[in-house]
Each structure stands twice: as structure tokens, then as C-alpha cells.
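Notes for the one structure printed next.
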Amino acid sequence: MANIIKLRVNGVAHEINADPQTSLLSVLRDRLDMTGTKYGCGEAQCGACTVLIDGSPRRSCVTAVGTAANRHITTIEGLDHHGRLHPVQKAFLEEDALQCGYCTPGMILSAVAFLKSNPHPTEQEIAQAMEGNICRCGTYPRIVAAIQRAARKRAEL
Amino acid sequence: MIEDPSVPALVEPAVEPAVEPERYEFRAPAVHHFELQRRDFFKFLGAGVLVVCALRDLPAQESGARHPGGVGFFEPLPKEISAWMHVSENGTVTVYTGKVEIGQNIRTSLSQAVAEELRFPLGDIQMVMGDTQLTPFDMGTFGSRTTPTMNLQLRKVAAAARQELIGLAAKKWNVDPQRLEAVDGRIEISGKRKSITYAELVRGQQLTAVIPADESLIPPAQWTVEGQSIPKVNGRDFVTGRHLFPADQKLPGMLYGKVLRPPSFGATLVSISAPSFDLADNVTFVRDGNFAGVAAASEEAAVRALASLQAKWSQQPQISNKELFSYLKNNPVETKGFGGESRYETGSVDKDLAASEHQLRQTYTVSYIAHAPLEPRAALAQWSGNTLTVWTGTQRPFAVRTELAQALQIPEDQVRVLMPDMGSGYGGKHTGECAVEAARLARTANAPVKLVWTREEEFTWAYFRPAGVIEVAGGIHSDGTLAAWEFTNYNSGAAGIRTFYEVPSQRIVFQPTRYPLRQGSYRALAATANHFARESFMDELAHAANMDPLEFRLRNLKNERLRAVFQAAAEKFGWSGAKPAPGHGFGIGGGFEKGGNVATCVEVAVDRASGGVQIVRVATAFECGAIVNPDNLKNQIVGANIMGLGGALFEKIEFANGRILNPRFSKYRVPRFSDVPQIDVVMLDRKDIPPAGAGETPLVGLAPAIGNAIFQATGTRLRSLPLVPDSLKTA
């Protein structure tokens, strides 16, 4: 049942010997030591495990690793470029849009994907797009502000 | 007047925290009973100056160990130390505190306290927190105690260190210390003709200073670092995913644990058989009393192994939430002392109630709710011989150390607990069951074991905010002043139970009861339930007296700080003169708890056809003395209101026969982006009052304000939390 799965994570190729039904989340966390992707619920309800697969946000807790083979996976560890933060990461810091920070990686990756599809969102559009991500500390208004800030920064470029 | 000391007083809290009776988890028996047979500072720290803060005032001869303008030697160190700080010869300052970071941002605010008094760059301060081997004992991070206690103690420690450094420089240069000044990590002679860094000054020194409790401090009005909006000090580690939470910890050769959970609460394990496991999975199976679990080479292998276990359980019938409130009401428990009944009585309640112009009597209820921290309980346990090290997410690392020592039957000094900044707790991670389970598995596996609870386990096997029944009776005179007040809380707790309104006759009782679910602390404790009942009832009285709810409150309120927040919230909201649109309603609620004062105004819109309730906007005013970090305070106030929305409107644990029926985010609704209304925050900065904590109290005004607004919009009075679990039609 185990077989070799080729994964491309943050531009780096990996070969993993795993059951293809294993969740992408546990492969990232336990096999590849990328613990920035978080477990929150195991049923795609909270968004803490969000990664990008070919640019689209996916809940890695319910994604079988086999289905992610040979596709481009981006995790929070791969978002900055040589220490230069992605504009969304920067905006989260500038708005201090976190408390405990456990939801933050999933929030940021969801926001990155969303801003690609809608570069100039309204507050309502942000809330709608981010509805699947839970912040139990309740920093939602700051996250909305951070996404708007990142959108403004992109517009200025 | 009968005054029970266990009822929290309305005045400033005592230095030692009063432990509220609803912290049920503090006195509950340990979850696991295993049937087992069974500093030297400078060596560790390197050279420098070490300053320790004694918990209590030292006897005169001891405090004399430190003399003005010079460095004191103190041997041995006092036993009761609350914090310590080390200024090293390599330019770093390290602060050791048993408090922990759980999202309330005390790593930042405590760094500010040290930077302020030490006159040292904030970014070069290291905070070592919640490591039982390195930090002084601390009871735990709860009760909004960090700012009023640890912030103050660290300011004193840092101020003392600054004085020691000035003394060292004075001696070195043979000048009057009065001519010296500490600036940004250096001691300078006024006029700046000469300066020396702290690191140079302490080179090769091994000095210890113990500070007395009366160290003089920079007054808030002169703060330059405290009082500023400093962002989270290690925020970058969180936005890059590099921060290692408890669940992210790893060790070489580590196994993954899983625990076999009983099918219902209180079930006992009759028998269990384990099959032969797949060798490649490297499974360790442990059965110890009622505990059964596995550790295996991977998470998946552990899940497989767990599923293959054949267990027989003996179960007992239990009550469900349908009969919850009658059960609480009918099962009082007569206990005294900690966690027991408390009673406050003054005047002649029955006589004054009977003689009053308007009398009302109502019952309010509060459901069980879950903390649901996004990071569930997690622990990594490692044995080395008979000593145990556990990394785990907890608000009480020292209590978890005790729990581990007792459960594993080893001395406490062979247990070390480390608490990496965790994915929050909200009062829900005071206990160490996950740490104990990981340690038990690791002992038999003879390898490090990591155990991360599933969401379902966190919803089921943690503890809940206590449900409660609250009976209130009150009477008012024809002029709208309160005549009598009777308030009885069954089970949910005594925090915030006393009324802050002026009433000559009062009877206020907390009545412990038997209860069906494991219950314990929660952000704001029972202050949420008690404020809900009190402030809803005040609204009912205001309507009975045909008075504006704000005017009615102010007529019965003398406390200036509370009046100020009510007035500030009302002004921000536009309370006076404004009329809600059809289908909309305004409500107000507020109160005092843990040194903080809050008032909250809410506008709701009710859709008559669907029964849906929307919170349109919230205006809240908060005051907790001098503000340490305005932006973080605002973050806490807004966050508390958003978390509070869930418990106010829809969060509710459903249970039957010892099972939780909604232990998942798909069945237990928590606030999400679209639930968030416009929230306007007014922060009153009282630089003349020492800062109090702010993580909890901002929550308590919201639920009654929403209920009162729904009443204004619809004429329907809701007396149960959550107010609108489904829609008004079913409420």
C-alpha cells in the first residue's frame, strides 16, 4: 500500500514513501518537518491547515497526499523570499493581526490565494472569502484590515 | 452584616489572587491514576548581575543586604521569589518568569515593563517563560493577574537592576551616583563625557541583588516604553510559521501517541485485548488501570493500532442537557471553604422587597460552553532514566509538574515542564491530562512520545465553562432607586456576583451543586453569567419603572469609574436621543471585575420572518487603570467581544448520557468573520491607577446588552445563554 510519492513543496522536490491516503497535513508536519501548517479540526472547518496547491487554497487535513503528487505546494515556510516577507505577511505584522498566532499561517495563505482572485476586495468580500478560517482569539477585524492593507500595497506597485 | 471572605470584594483586589470557586478543575481529583510500582545560578547564567524579586517583604536585616547606591550580596537567596532577571556580560538581559504567553501578548507587555525601568532596548530583552526548571514558581497565568502582579514585580526588578548598574559605574569611576544616568543600555555621566554599556560594567562580576517590595518606580505619566503600542515582539516567527507551538515540538526517535477514550464519561474499562500489531508500525501498547493507549512510529500507525484494540466498558446512565437546569437547581451541595457556598447579606431583604413599589423575580440560565482553543492540548514527553521532561501547552506549568509527579509517582524535582507560547487557552488549559498521558506512554515505549489531542478529544475530555441557574429578585422605589436585591447563582460561580449598584438590602448567594460535566475556569469565569443575569434584570427593572435603561443604571450607581465607562460607551454609541429603526433595538450592559470596568452598547436587527438576529454594531468602553500597551489592549477588548458573541448568541454544548453530541466545529458553532459587527472601542486611560489585567472583563457586558437590545426590538425577553442558538422562533 505504501509507494513513492513525488511532492514539490515550496519549489523543492521530495520523494515520500507513504500511503497515498495519508493526509497531506501529516506528511508536511511529520515527514517534512514543516510545522507551520497547523492541525485545528481534521474536517476542513477551521482553515488552520491551509496550503496552496497550484495556487489554490486547500485544507491539507482532508487532502490525501496522493492527490497532491507532482503539483506545486506552497506552505507558510515558502512564502517569504530570502527573508523578505510576502506583502500579506508584512501586512499581518503591521496591523498586529494576531494574538496567539495559531491560525495565522492558514489565514495568510487563504488571504494570498484570495487576493490573487480578487485584488481589490471590499470588507464583505474578504469576510465571505475567509469565512472558513477560524480565529478563536477574535482578531477578525485586524485580519480584514491586514488583507486590505496588502491589497493597497499591491495596487501601489 | 454577614460578609463572607470568599465572595470577591468590589474594591481593588488583594495582592494574593483570590481563587474563585468556579475554578472547579483546581480541586478535581486527577484524571489518571496509574497503578505503577513506581542551581547554582551563575554556573547556568554566566557572569553578570542577577536581581531577584522577593514575593514578600524581607525582614529588615535581609533587605539590608542591598544598600543604596551599592550592590548587595545575598546568600542564600530567599525562598519565595516571584521573578528574576540577569544582566549578562554579553549584552543580553534575560528575564525569568513563570507566567506564560497564550496570545494575551504578555511576552511583549512584560518586555516593555523591563525596557522602561532598566532603560534597555526592548529588542535585546529575552523572556524565559513557564519553564519549571529555569523560572520561579508561579501558580499560573489566569485571573487577569499578570499585569497587576508580574508587570509590577518586573518593573521593580528592572528598576533595582538599573540602580545596581549605576552603583557599579559610580564605584568604577569613583563619582557620585547622583551624577549618573541610565540611557538605552548604558550608564552615562551627565553631560555624556563618559559612558559604559551594561555589558562592560558587569564583565566578570557575579553579583546578586534582592529587592524589597517597596522599590520606587517610574510613574505612568512619565512612561516612555510602557504606554506605547509595541507590536508582538516575536510576531515575525508567527507570520512565517517558524514559531514552534507545543504541538510542533519534535525529538529524534519520537513516537506518536493515541489514547483510547471511553464511550461515555465515567465508563470503566472491563477488559481489553490488543492484536499483534504490524511490526513496521513499532507499536507500544499500554494498559494501566482505566487508561489504555498506544504509541507508534507515525500518527497513522497510532490511529491504526488504536482502532484495532478490542475494549469492553462498563457504562452508567447520565443526565442530558434537557434536564440540566432542574438538575442543578435540585442538587445543592453543602460545602464550605474553597469552592463552597458563599453568602453576602446586608439590610432586610425580605421586608424591603415587600415594601418596594415595583417587584420582579426572574430566573436566568447559562449553558455549558467550550473554550475550543484552536491548538488542542498537546504534549511531548521524554524520559531520561527516572527524570521526565515535558513540553506542553498549559496555563499552569508548575501545577502540571505536580500532576505529572503524582501520576507517574516520581519526585517533583525529577520533572521539568516547558511551555512554548501556545495556541491559546482562555482558561481552558489549566490542567495536564495530555502531558500525563504522553508521559505514561513514553515510559513504557522507552522513547519520546508526542500526543496531540484531536478536536473531538478537546471538545470532550477537556472541561467546560460551568452551566448555571441564576435566580434574581429585586424591588425599586417609585423614584427608580433600588430597594432590595436578591441573587442566587447555582453552580456557575461567584466571580462578579456582587452588585455594584447601590442597594440598601442585599442577599447574594453562590450555591455549589452537583454537576454532570467536567467543568472549570473560562475567560471571565462566572462574571459573564452573573453580569448577564444582573444586567438583564436591571433592564427588566428599568422597563418596569418606565425609565431609560442607562438613566436607571446611573441613578443607582455611585462608583465613578463605572459611571465613566457607562457614559463613555453611551456617548460613542449615540445612546441618548437616538431611536432604533423598526426591527432594530438598542441594549446596554456593563460592570466591574478583576480591576477592569466595562460598558457595552449594542444595536441588533431582528428579521421577523426568519427569526434571525444580526448584531449591527457594538460600542464598548473599558478602563483598567493606566494603559500599558494601547494597541494590544484594543486587540484584547475587540477579541473578548468577538469571543463573547459566541457564548452570548449560539455556543452551547449538547450532551446526553455521558456523551458530547456536538464535539466538532461543524456542529459547535464559533464566531466567524461574517458574525463580526462594527465594534467601536473607547479606552479610558487612568494614569493615576495601577494597571489591571484586560484579557477577560471586556467580555462581560456584551451578552446582556444583546439580550436587552433584542427585547427592545421584539418585546421578547430572553433569559438563557446562548440567547439565540437557532433563531428567535425557537428561542
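Going by the C-alpha cells order, chains are called A, B, ..., each with residues numbered from 1, while ligands are numbered from 1 in the order shown.
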
I want to know what sits within 8 Å of segment 24-30 of chain A, based on only C-alpha atoms, with residues of the same chain fewer than 4 positions away left out; could you give that as a list of chain:residue names?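 So, after excluding close chain neighbours, the residues are A:Met34, A:Thr35, A:Gly36, A:Thr37, A:Lys38, A:Tyr39, A:Cys49, A:Ser60, A:Cys61, A:Val62, A:Thr63, A:Ala64, A:Val65, A:Ala68, B:Asp248, B:Ser298, B:Glu299.
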
At a cut-off of 10 Å, using only C-alpha atoms, what residues contact segment 148-154 of chain A? Leave out same-chain residues fewer than 4 positions from it and give the result as a ChimeraX atom specification. /A:86-92,94-95,111-112,115-116,118-123,126,142-144

If we count only C-alpha atoms, what is near Ala127 of chain A at a cut-off of 9 Å, once residues fewer than 3 positions away on the same chain are taken out, given as an MDAnalysis selection string? (chainID A and resid 122:124 130:131 140 144) or (chainID B and resid 672:674)

Please determine the contact residues of chain B with respect to chain A at a cut-off of 9 Å, counting only C-alpha atoms, and supply them as a PyMOL selection string. chain B and resi 101-105+231-232+235-236+238-245+247-250+298-300+371-376+421-424+426+454-456+631-632+635-636+638-643+664-666+670-674+676+678-679

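Pairwise distance (atom CA of Val598 of chain B, atom CA of Ala569 of chain B) equals 8.6 Å.
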
With distances taken over only C-alpha atoms, which residue among B:Pro148, B:Gly647, B:Gly468, B:Pro275 lies nearest Val366 of chain B?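 Ranking B:Pro148, B:Gly647, B:Gly468, B:Pro275 by distance to Val366 of chain B, first place goes to B:Gly468.
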
What lies within 12 Å of segment 162-178 of chain B using only C-alpha atoms, ignoring chain neighbours under 6 positions off, as a PyMOL selection string? chain B and resi 48-51+66-73+85-88+93+114-120+155-156+184-190+194-203+205+207-211+215-217

May I have the residues within 12 Å of Leu661 of chain B as a ChimeraX atom specification, using only C-alpha atoms and disregarding those fewer than 3 positions away in the same chain? /B:263-264,320-321,456,459-460,652-658,664-668

Which residue out of B:Trp223, B:Tyr515, B:Tyr96, B:Trp313 has the minimum interatomic distance to Trp84 of chain B when only C-alpha atoms are used?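 Closest to Trp84 of chain B of all the choices is B:Tyr96.
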
Would you mind writing down, as a short mmCIF file (atom, residue, chain, number, x, y, z; two decimals) with C-alpha atoms, in the first residue's frame, each residue of chain A that DSSP on the backbone assigns to helix (DSSP H, G or I)?
data_model
loop_
_atom_site.label_atom_id
_atom_site.label_comp_id
_atom_site.auth_asym_id
_atom_site.auth_seq_id
_atom_site.Cartn_x
_atom_site.Cartn_y
_atom_site.Cartn_z
CA LEU A 24 -1.02 15.98 3.24
CA LEU A 25 -1.04 17.72 6.64
CA SER A 26 0.68 14.87 8.46
CA VAL A 27 3.20 14.39 5.65
CA LEU A 28 4.12 18.08 5.78
CA ARG A 29 4.32 18.20 9.54
CA ASP A 30 5.71 14.81 10.48
CA ARG A 31 7.73 13.76 7.44
CA SER A 60 -4.38 19.81 3.93
CA CYS A 61 -6.06 17.86 6.76
CA VAL A 62 -8.58 16.38 4.31
CA VAL A 65 -1.17 13.24 -0.14
CA GLY A 66 -1.56 11.11 -3.27
CA THR A 67 -3.74 13.78 -4.87
CA ALA A 68 -1.06 16.41 -4.31
CA ILE A 76 3.80 29.23 5.08
CA GLU A 77 7.51 28.37 5.18
CA GLY A 78 7.78 29.09 1.46
CA PRO A 87 3.16 41.60 1.40
CA VAL A 88 0.38 39.70 3.21
CA GLN A 89 2.80 38.53 5.93
CA LYS A 90 4.05 42.08 6.25
CA ALA A 91 0.53 43.45 6.47
CA PHE A 92 -0.33 40.99 9.27
CA LEU A 93 2.64 42.32 11.24
CA GLU A 94 1.83 45.95 10.51
CA THR A 104 -2.08 32.92 11.32
CA PRO A 105 -0.37 30.67 8.73
CA GLY A 106 -3.72 29.40 7.45
CA MET A 107 -5.15 32.91 7.43
CA ILE A 108 -2.19 34.26 5.48
CA LEU A 109 -2.24 31.51 2.84
CA SER A 110 -6.01 31.83 2.41
CA ALA A 111 -5.58 35.59 2.01
CA VAL A 112 -2.75 35.22 -0.51
CA ALA A 113 -4.91 32.98 -2.71
CA PHE A 114 -7.94 35.21 -2.31
CA LEU A 115 -6.09 38.40 -3.29
CA LYS A 116 -4.95 36.70 -6.49
CA SER A 117 -8.56 36.09 -7.46
CA GLU A 123 -14.72 44.19 3.50
CA GLN A 124 -17.74 41.99 2.80
CA GLU A 125 -15.91 40.09 0.07
CA ILE A 126 -13.00 39.46 2.44
CA ALA A 127 -15.31 38.22 5.19
CA GLN A 128 -17.08 35.92 2.74
CA ALA A 129 -13.86 34.50 1.31
CA TYR A 140 -11.06 39.12 12.58
CA PRO A 141 -11.29 42.92 12.11
CA ARG A 142 -7.49 43.19 12.11
CA ILE A 143 -7.18 40.35 9.62
CA VAL A 144 -9.64 42.16 7.34
CA ALA A 145 -7.57 45.33 7.77
CA ALA A 146 -4.35 43.43 7.01
CA ILE A 147 -5.81 41.97 3.82
CA GLN A 148 -6.97 45.43 2.76
CA ARG A 149 -3.54 46.84 3.54
CA ALA A 150 -1.85 44.15 1.46
CA ALA A 151 -4.28 44.85 -1.39
CA ARG A 152 -3.46 48.58 -1.24
CA LYS A 153 0.27 47.84 -1.25
CA ARG A 154 -0.11 45.67 -4.34
CA ALA A 155 -2.11 48.39 -6.06
CA GLU A 156 0.67 50.89 -5.37
#

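Of note, atom CA of Arg555 of chain B and atom CA of Ser720 of chain B are spaced 27.0 Å apart.
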
If DSSP is run on the backbone, what residues of segment 41-222 of chain B are strand (DSSP E or B)? A reply as a PDB file with N, CA and C atoms, in the first residue's frame would be ideal.
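Result saved to part.pdb:
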ATOM      1  N   GLY B  48      27.577  38.270  35.526  1.00  0.00           N
ATOM      2  CA  GLY B  48      26.648  39.373  35.347  1.00  0.00           C
ATOM      3  C   GLY B  48      26.033  39.790  36.657  1.00  0.00           C
ATOM      4  N   VAL B  49      24.934  40.497  36.550  1.00  0.00           N
ATOM      5  CA  VAL B  49      24.194  40.909  37.735  1.00  0.00           C
ATOM      6  C   VAL B  49      22.853  40.206  37.716  1.00  0.00           C
ATOM      7  N   LEU B  50      22.513  39.580  38.815  1.00  0.00           N
ATOM      8  CA  LEU B  50      21.239  38.889  38.944  1.00  0.00           C
ATOM      9  C   LEU B  50      20.398  39.636  39.962  1.00  0.00           C
ATOM     10  N   VAL B  51      19.193  39.972  39.575  1.00  0.00           N
ATOM     11  CA  VAL B  51      18.300  40.634  40.508  1.00  0.00           C
ATOM     12  C   VAL B  51      17.078  39.765  40.697  1.00  0.00           C
ATOM     13  N   VAL B  52      16.741  39.498  41.931  1.00  0.00           N
ATOM     14  CA  VAL B  52      15.558  38.692  42.198  1.00  0.00           C
ATOM     15  C   VAL B  52      14.539  39.508  42.973  1.00  0.00           C
ATOM     16  N   CYS B  53      13.294  39.198  42.706  1.00  0.00           N
ATOM     17  CA  CYS B  53      12.206  39.901  43.389  1.00  0.00           C
ATOM     18  C   CYS B  53      11.599  38.958  44.410  1.00  0.00           C
ATOM     19  N   ALA B  54      11.663  39.355  45.670  1.00  0.00           N
ATOM     20  CA  ALA B  54      11.074  38.540  46.721  1.00  0.00           C
ATOM     21  C   ALA B  54       9.570  38.753  46.717  1.00  0.00           C
ATOM     22  N   ILE B  81      10.509  33.640  45.692  1.00  0.00           N
ATOM     23  CA  ILE B  81      10.922  34.573  44.654  1.00  0.00           C
ATOM     24  C   ILE B  81       9.866  34.559  43.564  1.00  0.00           C
ATOM     25  N   SER B  82       9.497  35.735  43.088  1.00  0.00           N
ATOM     26  CA  SER B  82       8.450  35.771  42.071  1.00  0.00           C
ATOM     27  C   SER B  82       9.031  35.923  40.680  1.00  0.00           C
ATOM     28  N   ALA B  83      10.210  36.505  40.569  1.00  0.00           N
ATOM     29  CA  ALA B  83      10.775  36.735  39.239  1.00  0.00           C
ATOM     30  C   ALA B  83      12.247  37.008  39.403  1.00  0.00           C
ATOM     31  N   TRP B  84      13.005  36.752  38.364  1.00  0.00           N
ATOM     32  CA  TRP B  84      14.377  37.187  38.402  1.00  0.00           C
ATOM     33  C   TRP B  84      14.852  37.606  37.031  1.00  0.00           C
ATOM     34  N   MET B  85      15.953  38.346  37.047  1.00  0.00           N
ATOM     35  CA  MET B  85      16.435  38.939  35.826  1.00  0.00           C
ATOM     36  C   MET B  85      17.945  38.939  35.862  1.00  0.00           C
ATOM     37  N   HIS B  86      18.554  38.691  34.720  1.00  0.00           N
ATOM     38  CA  HIS B  86      20.005  38.604  34.652  1.00  0.00           C
ATOM     39  C   HIS B  86      20.521  39.549  33.581  1.00  0.00           C
ATOM     40  N   VAL B  87      21.459  40.431  33.971  1.00  0.00           N
ATOM     41  CA  VAL B  87      22.129  41.320  33.016  1.00  0.00           C
ATOM     42  C   VAL B  87      23.483  40.683  32.750  1.00  0.00           C
ATOM     43  N   SER B  88      23.679  40.234  31.519  1.00  0.00           N
ATOM     44  CA  SER B  88      24.874  39.435  31.251  1.00  0.00           C
ATOM     45  C   SER B  88      26.004  40.280  30.673  1.00  0.00           C
ATOM     46  N   VAL B  93      19.870  40.829  28.237  1.00  0.00           N
ATOM     47  CA  VAL B  93      19.149  40.822  29.500  1.00  0.00           C
ATOM     48  C   VAL B  93      18.123  39.709  29.405  1.00  0.00           C
ATOM     49  N   THR B  94      18.124  38.823  30.376  1.00  0.00           N
ATOM     50  CA  THR B  94      17.181  37.707  30.352  1.00  0.00           C
ATOM     51  C   THR B  94      16.288  37.789  31.575  1.00  0.00           C
ATOM     52  N   VAL B  95      15.003  37.698  31.323  1.00  0.00           N
ATOM     53  CA  VAL B  95      14.014  37.788  32.384  1.00  0.00           C
ATOM     54  C   VAL B  95      13.379  36.419  32.545  1.00  0.00           C
ATOM     55  N   TYR B  96      13.239  35.975  33.767  1.00  0.00           N
ATOM     56  CA  TYR B  96      12.667  34.654  34.049  1.00  0.00           C
ATOM     57  C   TYR B  96      11.364  34.820  34.806  1.00  0.00           C
ATOM     58  N   THR B  97      10.300  34.341  34.214  1.00  0.00           N
ATOM     59  CA  THR B  97       9.015  34.409  34.899  1.00  0.00           C
ATOM     60  C   THR B  97       8.215  33.147  34.627  1.00  0.00           C
ATOM     61  N   ILE B 125      15.857  42.177  24.967  1.00  0.00           N
ATOM     62  CA  ILE B 125      15.401  41.514  26.198  1.00  0.00           C
ATOM     63  C   ILE B 125      14.842  40.142  25.838  1.00  0.00           C
ATOM     64  N   GLN B 126      15.371  39.110  26.480  1.00  0.00           N
ATOM     65  CA  GLN B 126      14.853  37.756  26.296  1.00  0.00           C
ATOM     66  C   GLN B 126      13.936  37.429  27.461  1.00  0.00           C
ATOM     67  N   MET B 127      12.773  36.888  27.144  1.00  0.00           N
ATOM     68  CA  MET B 127      11.865  36.465  28.207  1.00  0.00           C
ATOM     69  C   MET B 127      11.862  34.943  28.243  1.00  0.00           C
ATOM     70  N   VAL B 128      12.289  34.371  29.354  1.00  0.00           N
ATOM     71  CA  VAL B 128      12.156  32.923  29.542  1.00  0.00           C
ATOM     72  C   VAL B 128      10.903  32.722  30.393  1.00  0.00           C
ATOM     73  N   MET B 129       9.929  32.020  29.828  1.00  0.00           N
ATOM     74  CA  MET B 129       8.621  31.953  30.480  1.00  0.00           C
ATOM     75  C   MET B 129       8.184  30.504  30.677  1.00  0.00           C
ATOM     76  N   ASP B 131       9.034  27.788  32.306  1.00  0.00           N
ATOM     77  CA  ASP B 131       9.906  26.607  32.297  1.00  0.00           C
ATOM     78  C   ASP B 131      10.196  26.283  33.760  1.00  0.00           C
ATOM     79  N   LEU B 180      25.029  60.156  37.670  1.00  0.00           N
ATOM     80  CA  LEU B 180      24.956  59.149  36.606  1.00  0.00           C
ATOM     81  C   LEU B 180      23.516  58.896  36.171  1.00  0.00           C
ATOM     82  N   GLU B 181      23.405  58.482  34.920  1.00  0.00           N
ATOM     83  CA  GLU B 181      22.079  58.249  34.363  1.00  0.00           C
ATOM     84  C   GLU B 181      22.113  56.997  33.487  1.00  0.00           C
ATOM     85  N   ALA B 182      21.032  56.233  33.517  1.00  0.00           N
ATOM     86  CA  ALA B 182      20.927  55.052  32.648  1.00  0.00           C
ATOM     87  C   ALA B 182      20.167  55.442  31.390  1.00  0.00           C
ATOM     88  N   VAL B 183      20.778  55.185  30.242  1.00  0.00           N
ATOM     89  CA  VAL B 183      20.158  55.553  28.965  1.00  0.00           C
ATOM     90  C   VAL B 183      20.398  54.438  27.953  1.00  0.00           C
ATOM     91  N   ARG B 186      23.179  51.902  28.606  1.00  0.00           N
ATOM     92  CA  ARG B 186      24.478  52.453  29.008  1.00  0.00           C
ATOM     93  C   ARG B 186      24.310  53.303  30.265  1.00  0.00           C
ATOM     94  N   ILE B 187      25.376  53.396  31.031  1.00  0.00           N
ATOM     95  CA  ILE B 187      25.385  54.376  32.123  1.00  0.00           C
ATOM     96  C   ILE B 187      26.228  55.564  31.651  1.00  0.00           C
ATOM     97  N   GLU B 188      25.678  56.744  31.777  1.00  0.00           N
ATOM     98  CA  GLU B 188      26.370  57.950  31.316  1.00  0.00           C
ATOM     99  C   GLU B 188      26.554  58.932  32.472  1.00  0.00           C
ATOM    100  N   ILE B 189      27.658  59.660  32.395  1.00  0.00           N
ATOM    101  CA  ILE B 189      27.826  60.786  33.314  1.00  0.00           C
ATOM    102  C   ILE B 189      27.074  61.952  32.712  1.00  0.00           C
ATOM    103  N   SER B 195      30.777  57.193  29.051  1.00  0.00           N
ATOM    104  CA  SER B 195      29.679  56.231  29.163  1.00  0.00           C
ATOM    105  C   SER B 195      30.208  54.801  29.096  1.00  0.00           C
ATOM    106  N   ILE B 196      29.411  53.887  29.599  1.00  0.00           N
ATOM    107  CA  ILE B 196      29.816  52.476  29.607  1.00  0.00           C
ATOM    108  C   ILE B 196      28.557  51.625  29.424  1.00  0.00           C
ATOM    109  N   THR B 197      28.677  50.570  28.629  1.00  0.00           N
ATOM    110  CA  THR B 197      27.500  49.717  28.431  1.00  0.00           C
ATOM    111  C   THR B 197      27.304  48.823  29.657  1.00  0.00           C
ATOM    112  N   GLN B 206      29.878  38.596  39.561  1.00  0.00           N
ATOM    113  CA  GLN B 206      28.829  37.635  39.921  1.00  0.00           C
ATOM    114  C   GLN B 206      28.083  38.222  41.106  1.00  0.00           C
ATOM    115  N   LEU B 207      27.199  39.114  40.805  1.00  0.00           N
ATOM    116  CA  LEU B 207      26.534  39.887  41.844  1.00  0.00           C
ATOM    117  C   LEU B 207      25.063  39.549  41.923  1.00  0.00           C
ATOM    118  N   THR B 208      24.594  39.479  43.144  1.00  0.00           N
ATOM    119  CA  THR B 208      23.179  39.186  43.347  1.00  0.00           C
ATOM    120  C   THR B 208      22.550  40.311  44.147  1.00  0.00           C
ATOM    121  N   ALA B 209      21.428  40.766  43.699  1.00  0.00           N
ATOM    122  CA  ALA B 209      20.689  41.769  44.463  1.00  0.00           C
ATOM    123  C   ALA B 209      19.280  41.269  44.701  1.00  0.00           C
ATOM    124  N   VAL B 210      18.827  41.431  45.918  1.00  0.00           N
ATOM    125  CA  VAL B 210      17.444  41.084  46.225  1.00  0.00           C
ATOM    126  C   VAL B 210      16.730  42.378  46.529  1.00  0.00           C
ATOM    127  N   ILE B 211      15.609  42.565  45.886  1.00  0.00           N
ATOM    128  CA  ILE B 211      14.963  43.862  46.083  1.00  0.00           C
ATOM    129  C   ILE B 211      13.795  43.747  47.041  1.00  0.00           C
TER     130      ILE B 211
END

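Here the question is which of B:His584, B:Arg553, B:Lys429, B:Lys634 gets nearest to Gln614 of chain B using only C-alpha atoms, and that residue is B:His584.
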
Excluding Ala439 of chain B and its own-chain neighbours fewer than 4 positions away, which residues fall within 12 Å of it when counting only C-alpha atoms? Please give them as a PyMOL selection string. chain B and resi 32+34+255-257+259+286+293-295+378-384+386-392+400-401+403-410+415-417+432-435+443-451

Can you work out the spacing between atom CA of Gly475 of chain B and atom CA of Arg361 of chain B in Å, to one decimal? 9.0 Å
